[in-house]
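Participant: This is protein15.txt, which holds compact mmCIF, C-alpha atoms and all ligand atoms:
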# COMPACT_ATOMS: atom_id res chain seq x y z
CA MET Z 666 30.44 -11.43 -22.52
CA GLU Z 667 28.71 -10.35 -19.36
CA GLU Z 668 27.59 -13.17 -17.11
CA HIS Z 669 23.94 -13.62 -16.15
CA LYS Z 670 23.43 -11.84 -12.90
CA TYR Z 671 19.71 -12.10 -12.44
CA THR Z 672 17.81 -14.54 -10.30
CA GLU Z 673 14.23 -15.78 -10.17
CA VAL Z 674 12.68 -14.34 -7.02
CA ALA Z 675 9.34 -16.17 -7.37
CA PRO Z 676 7.37 -17.52 -10.36
CA GLY Z 677 7.42 -14.84 -13.06
CA ILE Z 678 9.60 -12.40 -11.10
CA TRP Z 679 13.26 -11.83 -11.76
CA GLY Z 680 15.70 -9.54 -10.00
CA MET Z 681 19.11 -8.20 -10.97
CA LYS Z 682 21.65 -6.54 -8.72
CA ILE Z 683 23.32 -3.52 -10.28
CA VAL Z 684 26.42 -2.84 -8.15
CA PHE Z 685 24.40 -2.34 -4.93
CA VAL Z 686 20.78 -1.83 -5.98
CA ASN Z 687 18.17 -4.21 -7.42
CA VAL Z 688 15.77 -3.92 -10.34
CA TYR Z 689 12.88 -6.34 -10.87
CA MET Z 690 11.07 -7.62 -13.95
CA ILE Z 691 7.61 -9.10 -13.54
CA ALA Z 692 5.80 -11.19 -16.15
CA THR Z 693 2.16 -10.08 -16.29
CA GLY Z 694 0.92 -12.10 -19.29
CA PRO Z 695 2.18 -14.57 -21.88
CA GLU Z 696 4.52 -11.93 -23.31
CA GLU Z 697 3.75 -8.86 -21.24
CA TRP Z 698 5.92 -7.65 -18.43
CA VAL Z 699 6.59 -4.68 -16.15
CA LEU Z 700 9.84 -3.16 -14.91
CA VAL Z 701 10.09 -2.13 -11.25
CA ASP Z 702 12.75 0.55 -10.65
CA ALA Z 703 15.56 1.48 -13.00
CA GLY Z 704 18.89 1.08 -11.24
CA LEU Z 705 21.98 3.23 -11.56
CA LYS Z 706 22.97 5.59 -14.31
CA GLY Z 707 24.85 3.68 -17.00
CA SER Z 708 22.98 0.42 -16.44
CA ALA Z 709 20.44 0.74 -19.28
CA CYS Z 710 22.33 -1.77 -21.47
CA ARG Z 711 22.30 -4.41 -18.74
CA ILE Z 712 18.60 -3.86 -18.07
CA LYS Z 713 17.72 -4.09 -21.78
CA LYS Z 714 19.83 -7.21 -22.18
CA MET Z 715 18.09 -8.91 -19.28
CA ALA Z 716 14.71 -7.92 -20.73
CA GLU Z 717 15.67 -9.35 -24.14
CA GLU Z 718 16.75 -12.64 -22.62
CA LEU Z 719 13.61 -12.99 -20.56
CA PHE Z 720 10.93 -11.54 -22.81
CA GLY Z 721 12.40 -11.50 -26.32
CA GLU Z 722 13.91 -8.85 -28.53
CA GLY Z 723 11.92 -5.69 -29.24
CA ASN Z 724 9.48 -6.36 -26.41
CA PRO Z 725 9.43 -3.31 -24.15
CA PRO Z 726 7.69 -3.41 -20.76
CA ALA Z 727 4.00 -2.50 -20.59
CA ALA Z 728 4.91 0.03 -17.89
CA ILE Z 729 7.67 1.05 -15.50
CA ILE Z 730 6.73 1.30 -11.82
CA LEU Z 731 8.94 3.21 -9.39
CA THR Z 732 9.01 2.31 -5.71
CA HIS Z 733 10.54 5.78 -5.24
CA GLY Z 734 12.76 8.20 -7.11
CA HIS Z 735 16.15 8.06 -5.36
CA PHE Z 736 19.06 8.27 -7.78
CA ASP Z 737 19.86 4.56 -7.50
CA HIS Z 738 16.30 3.57 -8.48
CA VAL Z 739 15.85 5.88 -11.48
CA GLY Z 740 19.40 6.11 -12.87
CA ALA Z 741 18.83 4.38 -16.22
CA LEU Z 742 15.36 5.80 -16.84
CA HIS Z 743 16.23 8.56 -19.29
CA GLU Z 744 18.31 6.14 -21.35
CA LEU Z 745 15.66 3.42 -21.28
CA LEU Z 746 12.90 5.83 -22.29
CA LYS Z 747 14.81 6.68 -25.46
CA THR Z 748 14.02 3.22 -26.82
CA TRP Z 749 11.07 2.18 -24.68
CA LYS Z 750 8.17 4.56 -25.25
CA VAL Z 751 6.30 3.60 -22.11
CA GLN Z 752 4.56 5.26 -19.19
CA VAL Z 753 6.28 5.52 -15.82
CA TYR Z 754 4.17 5.33 -12.66
CA ALA Z 755 4.84 6.44 -9.09
CA HIS Z 756 2.82 7.46 -6.06
CA LEU Z 757 1.28 10.94 -6.34
CA GLN Z 758 3.40 12.17 -3.42
CA GLU Z 759 6.57 11.06 -5.21
CA THR Z 760 5.81 12.94 -8.44
CA PRO Z 761 7.27 16.32 -7.33
CA PHE Z 762 10.62 14.51 -7.01
CA LEU Z 763 10.26 13.09 -10.52
CA THR Z 764 9.26 16.26 -12.31
CA GLY Z 765 12.17 18.43 -11.21
CA GLN Z 766 10.18 20.36 -8.61
CA VAL Z 767 11.51 19.24 -5.23
CA SER Z 768 14.87 17.82 -4.09
CA TYR Z 769 14.99 14.87 -1.71
CA SER Z 770 16.21 15.46 1.83
CA ALA Z 771 19.99 15.62 1.77
CA PRO Z 772 21.74 12.34 2.63
CA ASP Z 773 23.15 12.17 6.15
CA PRO Z 774 26.72 10.85 6.30
CA THR Z 775 26.74 10.98 10.13
CA VAL Z 776 24.37 8.05 10.74
CA GLY Z 777 27.19 5.49 11.01
CA GLY Z 778 27.21 1.85 9.88
CA GLY Z 779 30.00 1.94 7.31
CA LEU Z 780 31.41 3.33 4.11
CA MET Z 781 28.11 3.63 2.23
CA SER Z 782 26.95 6.09 4.91
CA ILE Z 783 30.23 7.99 4.98
CA LEU Z 784 30.16 8.38 1.19
CA SER Z 785 26.50 9.33 1.12
CA PHE Z 786 27.35 13.03 0.93
CA LEU Z 787 28.23 12.22 -2.71
CA TYR Z 788 24.82 10.73 -3.54
CA PRO Z 789 22.68 13.03 -5.65
CA ASN Z 790 19.42 14.20 -4.09
CA LYS Z 791 18.35 16.46 -6.95
CA PRO Z 792 15.10 15.42 -8.64
CA ILE Z 793 15.05 14.05 -12.16
CA ASN Z 794 12.52 15.43 -14.58
CA LEU Z 795 10.51 12.80 -16.39
CA GLY Z 796 8.12 15.39 -17.75
CA LEU Z 797 5.11 13.84 -19.44
CA HIS Z 798 6.37 10.27 -18.97
CA ILE Z 799 5.42 10.20 -15.29
CA HIS Z 800 1.88 9.38 -14.12
CA PRO Z 801 0.53 9.17 -10.59
CA LEU Z 802 -0.76 5.77 -9.52
CA SER Z 803 -4.46 5.33 -8.95
CA LYS Z 804 -5.46 6.01 -5.32
CA ASP Z 805 -7.28 2.67 -5.02
CA GLY Z 806 -4.07 0.66 -4.69
CA THR Z 807 -4.26 -1.00 -8.12
CA LEU Z 808 -1.31 -1.06 -10.47
CA PRO Z 809 -1.56 -0.52 -14.25
CA ASP Z 810 -1.00 -3.67 -16.34
CA MET Z 811 -0.57 -5.72 -13.15
CA PRO Z 812 -3.98 -7.23 -12.30
CA ASP Z 813 -2.56 -9.67 -9.72
CA TRP Z 814 -0.83 -6.95 -7.76
CA ILE Z 815 -1.61 -4.08 -5.43
CA TYR Z 816 0.64 -1.36 -4.09
CA VAL Z 817 0.92 -0.21 -0.49
CA HIS Z 818 1.96 3.34 0.39
CA THR Z 819 5.02 2.97 2.63
CA PRO Z 820 6.32 6.49 3.36
CA GLY Z 821 9.24 7.37 5.62
CA HIS Z 822 12.21 6.60 3.40
CA THR Z 823 10.59 9.02 0.94
CA ALA Z 824 7.16 10.69 1.05
CA GLY Z 825 5.67 8.74 -1.85
CA HIS Z 826 7.44 5.43 -1.35
CA ILE Z 827 5.44 2.33 -2.35
CA SER Z 828 5.81 -1.43 -2.02
CA LEU Z 829 4.20 -3.96 -4.37
CA PHE Z 830 2.34 -7.05 -3.20
CA ARG Z 831 0.98 -10.14 -4.99
CA SER Z 832 -1.55 -11.59 -2.58
CA ARG Z 833 -1.91 -14.91 -4.45
CA ASP Z 834 1.48 -16.13 -3.22
CA LYS Z 835 2.29 -13.28 -0.83
CA VAL Z 836 5.26 -11.96 -2.76
CA LEU Z 837 6.39 -8.51 -1.66
CA ILE Z 838 8.57 -6.09 -3.58
CA ALA Z 839 9.39 -3.80 -0.69
CA GLY Z 840 11.59 -1.17 -2.35
CA ASP Z 841 13.59 0.53 0.41
CA ALA Z 842 10.83 0.44 3.07
CA PHE Z 843 13.01 -2.27 4.58
CA VAL Z 844 15.98 -3.99 3.00
CA THR Z 845 17.71 -7.36 3.31
CA THR Z 846 21.30 -6.22 3.74
CA GLN Z 847 22.97 -3.57 5.85
CA ALA Z 848 22.79 -0.80 3.27
CA GLU Z 849 25.16 1.41 5.27
CA SER Z 850 28.06 -1.03 4.96
CA ALA Z 851 29.96 -1.30 1.65
CA ILE Z 852 31.14 -4.83 2.56
CA SER Z 853 27.55 -5.93 3.17
CA VAL Z 854 26.07 -4.46 0.00
CA LEU Z 855 28.88 -5.49 -2.32
CA SER Z 856 28.95 -9.06 -1.01
CA ASN Z 857 25.13 -9.11 -0.79
CA ARG Z 858 25.30 -10.26 2.84
CA LYS Z 859 21.83 -11.14 4.03
CA LYS Z 860 20.40 -9.28 7.02
CA LEU Z 861 16.90 -7.90 7.34
CA SER Z 862 17.27 -4.21 8.17
CA GLY Z 863 15.31 -0.97 8.24
CA PRO Z 864 15.46 1.46 5.32
CA PRO Z 865 18.94 2.80 4.40
CA LYS Z 866 19.76 5.06 7.35
CA TYR Z 867 21.65 7.76 5.44
CA PHE Z 868 18.70 8.46 3.13
CA THR Z 869 15.68 8.19 5.46
CA PRO Z 870 14.35 11.50 6.81
CA ASN Z 871 11.12 10.42 8.56
CA TRP Z 872 11.64 7.62 11.08
CA VAL Z 873 8.15 7.79 12.56
CA MET Z 874 6.58 7.08 9.18
CA ALA Z 875 9.27 4.53 8.35
CA ALA Z 876 8.39 2.55 11.50
CA LEU Z 877 4.67 2.57 10.62
CA SER Z 878 5.44 1.43 7.09
CA VAL Z 879 7.46 -1.57 8.25
CA ARG Z 880 4.56 -2.51 10.52
CA LYS Z 881 2.16 -2.25 7.58
CA LEU Z 882 4.33 -4.62 5.52
CA ARG Z 883 4.73 -7.06 8.42
CA ASP Z 884 0.93 -7.19 8.68
CA LEU Z 885 0.75 -8.46 5.09
CA ARG Z 886 2.64 -11.58 6.29
CA PRO Z 887 4.76 -11.80 3.13
CA ALA Z 888 6.15 -15.22 2.20
CA VAL Z 889 8.87 -13.78 -0.04
CA ALA Z 890 10.43 -10.32 0.02
CA ALA Z 891 12.52 -8.78 -2.72
CA THR Z 892 13.94 -5.42 -1.63
CA GLY Z 893 15.83 -2.51 -3.16
CA HIS Z 894 19.08 -3.66 -1.60
CA GLY Z 895 20.13 -7.17 -0.62
CA PRO Z 896 19.15 -10.73 -1.58
CA THR Z 897 15.66 -12.21 -1.68
CA MET Z 898 14.43 -13.44 1.69
CA GLU Z 899 11.61 -15.86 2.43
CA GLY Z 900 9.87 -18.13 4.89
CA GLU Z 901 10.68 -18.08 8.57
CA GLU Z 902 13.82 -16.05 8.15
CA LEU Z 903 11.69 -13.26 6.68
CA ALA Z 904 8.83 -13.63 9.16
CA ASN Z 905 11.15 -13.63 12.19
CA GLY Z 906 13.28 -10.82 10.79
CA LEU Z 907 10.25 -8.61 10.19
CA GLU Z 908 8.79 -9.38 13.60
CA ASP Z 909 12.08 -8.48 15.22
CA LEU Z 910 12.37 -5.28 13.21
CA VAL Z 911 8.86 -4.17 14.21
CA ASP Z 912 9.43 -5.01 17.89
CA HIS Z 913 12.85 -3.36 18.10
CA PHE Z 914 12.62 -0.73 15.40
CA LYS Z 915 14.25 1.98 17.51
CA GLU Z 916 17.32 -0.11 18.33
CA LEU Z 917 17.63 -1.91 14.99
CA ALA Z 918 16.66 0.70 12.42
CA ILE Z 919 16.92 4.24 13.75
CA PRO Z 920 20.47 5.62 13.79
CA LYS Z 921 21.94 6.51 17.18
CA GLN Z 922 22.71 9.95 15.85
CA GLY Z 923 21.93 11.93 12.74
CA ARG Z 924 20.29 15.04 11.43
CA TYR Z 925 16.88 13.40 11.00
CA VAL Z 926 16.82 11.72 14.38
CA ASN Z 927 17.00 14.63 16.80
CA GLU Z 928 14.11 16.45 15.22
CA GLN Z 929 11.72 13.55 15.77
CA PHE Z 930 13.10 12.03 18.97
CA PRO Z 931 13.70 15.07 21.18
CA SER Z 932 14.69 13.02 24.22
CA ARG Z 933 17.93 12.35 22.44
CA SER Z 934 18.51 15.97 21.55
CA LEU Z 935 20.99 17.63 23.85
CA SER Z 936 20.81 20.92 22.01
CA ARG Z 937 17.04 21.08 22.36
CA THR Z 938 17.16 20.28 26.08
CA PHE Z 939 19.86 22.89 26.52
CA LEU Z 940 17.84 25.50 24.63
CA GLY Z 941 14.73 24.69 26.66
CA SER Z 942 16.63 25.04 29.95
CA LEU Z 943 18.15 28.31 28.80
CA ILE Z 944 14.73 29.79 28.02
CA ILE Z 945 13.35 28.73 31.43
CA ILE Z 946 16.39 30.11 33.31
CA THR Z 947 16.22 33.40 31.37
CA ALA Z 948 12.49 33.68 32.15
CA LEU Z 949 13.06 33.00 35.86
CA VAL Z 950 15.92 35.48 36.09
CA THR Z 951 13.89 38.15 34.26
CA PHE Z 952 10.88 37.45 36.49
CA GLY Z 953 13.12 37.73 39.58
CA LEU Z 954 14.69 40.95 38.37
CA VAL Z 955 11.30 42.54 37.61
CA LYS Z 956 10.07 41.54 41.06
CA GLU Z 957 13.28 42.92 42.62
CA MET Z 958 12.88 46.21 40.73
CA LYS Z 959 9.26 46.56 41.85
CA LYS Z 960 10.36 46.27 45.48
CA HIS Z 961 12.59 49.34 45.15
ZN ZN H 1 16.07 4.90 -1.50
ZN ZN H 2 17.79 2.39 -2.57
Can I see the file as structure tokens?
Ligand SMILES: [Zn+2]
Ligand SMILES: [Zn+2]
Facilitator:
Amino acid sequence: MEEHKYTEVAPGIWGMKIVFVNVYMIATGPEEWVLVDAGLKGSACRIKKMAEELFGEGNPPAAIILTHGHFDHVGALHELLKTWKVQVYAHLQETPFLTGQVSYSAPDPTVGGGLMSILSFLYPNKPINLGLHIHPLSKDGTLPDMPDWIYVHTPGHTAGHISLFRSRDKVLIAGDAFVTTQAESAISVLSNRKKLSGPPKYFTPNWVMAALSVRKLRDLRPAVAATGHGPTMEGEELANGLEDLVDHFKELAIPKQGRYVNEQFPSRSLSRTFLGSLIIITALVTFGLVKEMKKH
């Protein structure tokens, strides 16, 4: 028999780690509940078992909310939707990646940090197609079937990434906007080593937006944070970690090198500097030659 692997994050919120990624179940009424994210492919049985233990047999969630659609957050969805006839919600900007229209930016195995980065070339970035199951979230920040909660748009890791917030007790479900382990290191993720970090480096294409999103979440002053990867963090450890991440985002979160860094931080781009110099030199030489020719 499989051991219980889920933990209570805060009153009425439970999380389960599936190999290296977390799913969350949130009680929203006496018997009602909502699933946040859907783990890895092949984990539907574990998710259903956890739901049965927490909310009783034959009690599907009122809705499934996706923080984003990366393969490790939607893996069990198709399987779950075979038995749970429920609506799936995501941010409008995430829906093209959930209806088979657009692929995610390719993972970048060159960002460093460990085996999870090196192996990231294997991670699928093709979109899944949820067809009519997927619905865009309301623009006003409310969440269906979750009256105590709001969502915050936290792009950067993906275009339509969201984080969920319960203002009553300041509980944050951050998704991958920031995480509480070093997602690039296999040792860290498998042992669930706690360290507040930026979004997984190998799968984050827009670092400017990612930095703004972390700032937005810091401004909520969360008391508890449950993230897509890593253990729950709370209190001063969370507050100090977030403050540090905001203040030193460039050093702590942005990879030293990588395909999505050079485009947005040109000072680091040798090739761009080289190209710029080449154009200027060519222009000067041409200008000189034309002038020279005019003389004769
Ligand atoms: Zn992700
Ligand atoms: Zn993730």
Participant: In file coordinates, which residues lie within 6 Å of (10.6, -11.5, -11.6) using all atoms listed in the file, given as a VMD selection string?
Facilitator: chain Z and resid 673 to 674 677 to 680 689 to 691
Participant: I'd like the interatomic distance between CA of Thr897 in chain Z and CA of Thr672 in chain Z, to a tenth of an Å.
Facilitator: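 Here the two named atoms are 9.2 Å from each other.
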Participant: Between Z:Lys804, Z:Lys682, Z:His818, Z:His798, single out the one closest to ligand ZN 2 (chain H), counting only C-alpha atoms and all ligand atoms.
Facilitator: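 Of Z:Lys804, Z:Lys682, Z:His818, Z:His798, the one nearest ligand ZN 2 (chain H) is Z:Lys682, counting only C-alpha atoms and all ligand atoms.
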Participant: Write as a list in words the residues around ligand ZN 2 (chain H), taking 9 Å as the cut-off and counting only C-alpha atoms and all ligand atoms.
Facilitator: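 Going residue by residue within 9 Å of ligand ZN 2 (chain H), we get Phe685, Val686, Asn687, Gly704, His733, Gly734, His735, Phe736, Asp737, His738, Gly840, Asp841, Val844, Ala848, Pro864, Pro865, Phe868, Thr892, Gly893 and His894 of chain Z.
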Participant: Measuring between all atoms listed in the file, which one of Z:Gln752, Z:Ser782, Z:Gln766, Z:Thr775 shows the shortest distance to Leu797 in chain Z?
Facilitator: Z:Gln752
Participant: If we draw a sphere of 7 Å around (4.7, 2.3, -26.3), which residues have at least one atom in it when counting only C-alpha atoms? Please report them as a ChimeraX atom specification.
Facilitator: /Z:749-751
Participant: Those same residues, written as a PDB file, in the frame of the given file with C-alpha atoms?
Facilitator:
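Full text of out-v3.pdb as output:
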ATOM      1  CA  TRP Z 749      11.070   2.180 -24.680  1.00  0.00           C
ATOM      2  CA  LYS Z 750       8.170   4.560 -25.250  1.00  0.00           C
ATOM      3  CA  VAL Z 751       6.300   3.600 -22.110  1.00  0.00           C
TER       4      VAL Z 751
END
Participant: Looking at Z:Tyr671, Z:Ala755, Z:Asp912, Z:Gly821, which one is nearest to Glu718 in chain Z, with distances taken over all atoms listed in the file?
Facilitator: Z:Tyr671
Participant: From the set Z:Glu759, Z:Asp909, Z:Asp805, Z:Glu722, which residue has the shortest atom-to-atom contact distance to ligand ZN 1 (chain H), counting all atoms listed in the file?
Facilitator: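 That would be Z:Glu759, the residue with the smallest distance to ligand ZN 1 (chain H).
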Participant: Please identify all polymer residues within 8 Å of Ala904 in chain Z, counting all atoms listed in the file, omitting same-chain residues fewer than 2 positions from it, and present them as a list in words.
Facilitator: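 Surrounding residues, per the criterion: Arg883, Arg886, Pro887, Ala888, Glu899, Gly900, Glu901, Glu902, Gly906, Leu907 and Glu908 of chain Z.
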Participant: Using all atoms listed in the file, can you tell me which of Z:Met781, Z:Ala709, Z:Ala716, Z:Val701 comes closest to Val854 in chain Z?
Facilitator: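 Nearest candidate to Val854 in chain Z out of Z:Met781, Z:Ala709, Z:Ala716, Z:Val701: Z:Met781.
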Participant: Using Å and a single decimal, report how far CA of Val911 in chain Z sits from CA of Pro761 in chain Z.
Facilitator: 29.8 Å
Participant: Rounded to one decimal in Å, what is the spacing between CA of Ile852 in chain Z and CA of Lys921 in chain Z?
Facilitator: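 We find that CA of Ile852 in chain Z and CA of Lys921 in chain Z lie 20.7 Å from each other.
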Participant: Given the choices Z:Val889, Z:Leu705, Z:Leu903, Z:Met898, which gets closest to ligand ZN 1 (chain H) if the distance is worked out from all atoms listed in the file?
Facilitator: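 Closest residue, counting all atoms listed in the file: Z:Leu705.
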Participant: Grab all the atoms of range 883-893 of chain Z that the file lists, wrap them in a box along x, y and z, add 3 Å per side, and give me centre plus edge lengths in Å (one decimal) as lines of an AutoDock Vina configuration file.
Facilitator:
center_x = 8.3
center_y = -8.9
center_z = 2.8
size_x = 21.1
size_y = 18.7
size_z = 17.8
Participant: Write out as a VMD selection string each polymer residue whose atoms come within 7 Å of Asn794 in chain Z, counting only C-alpha atoms; drop sequence neighbours fewer than 6 positions from it.
Facilitator: chain Z and resid 763 to 765
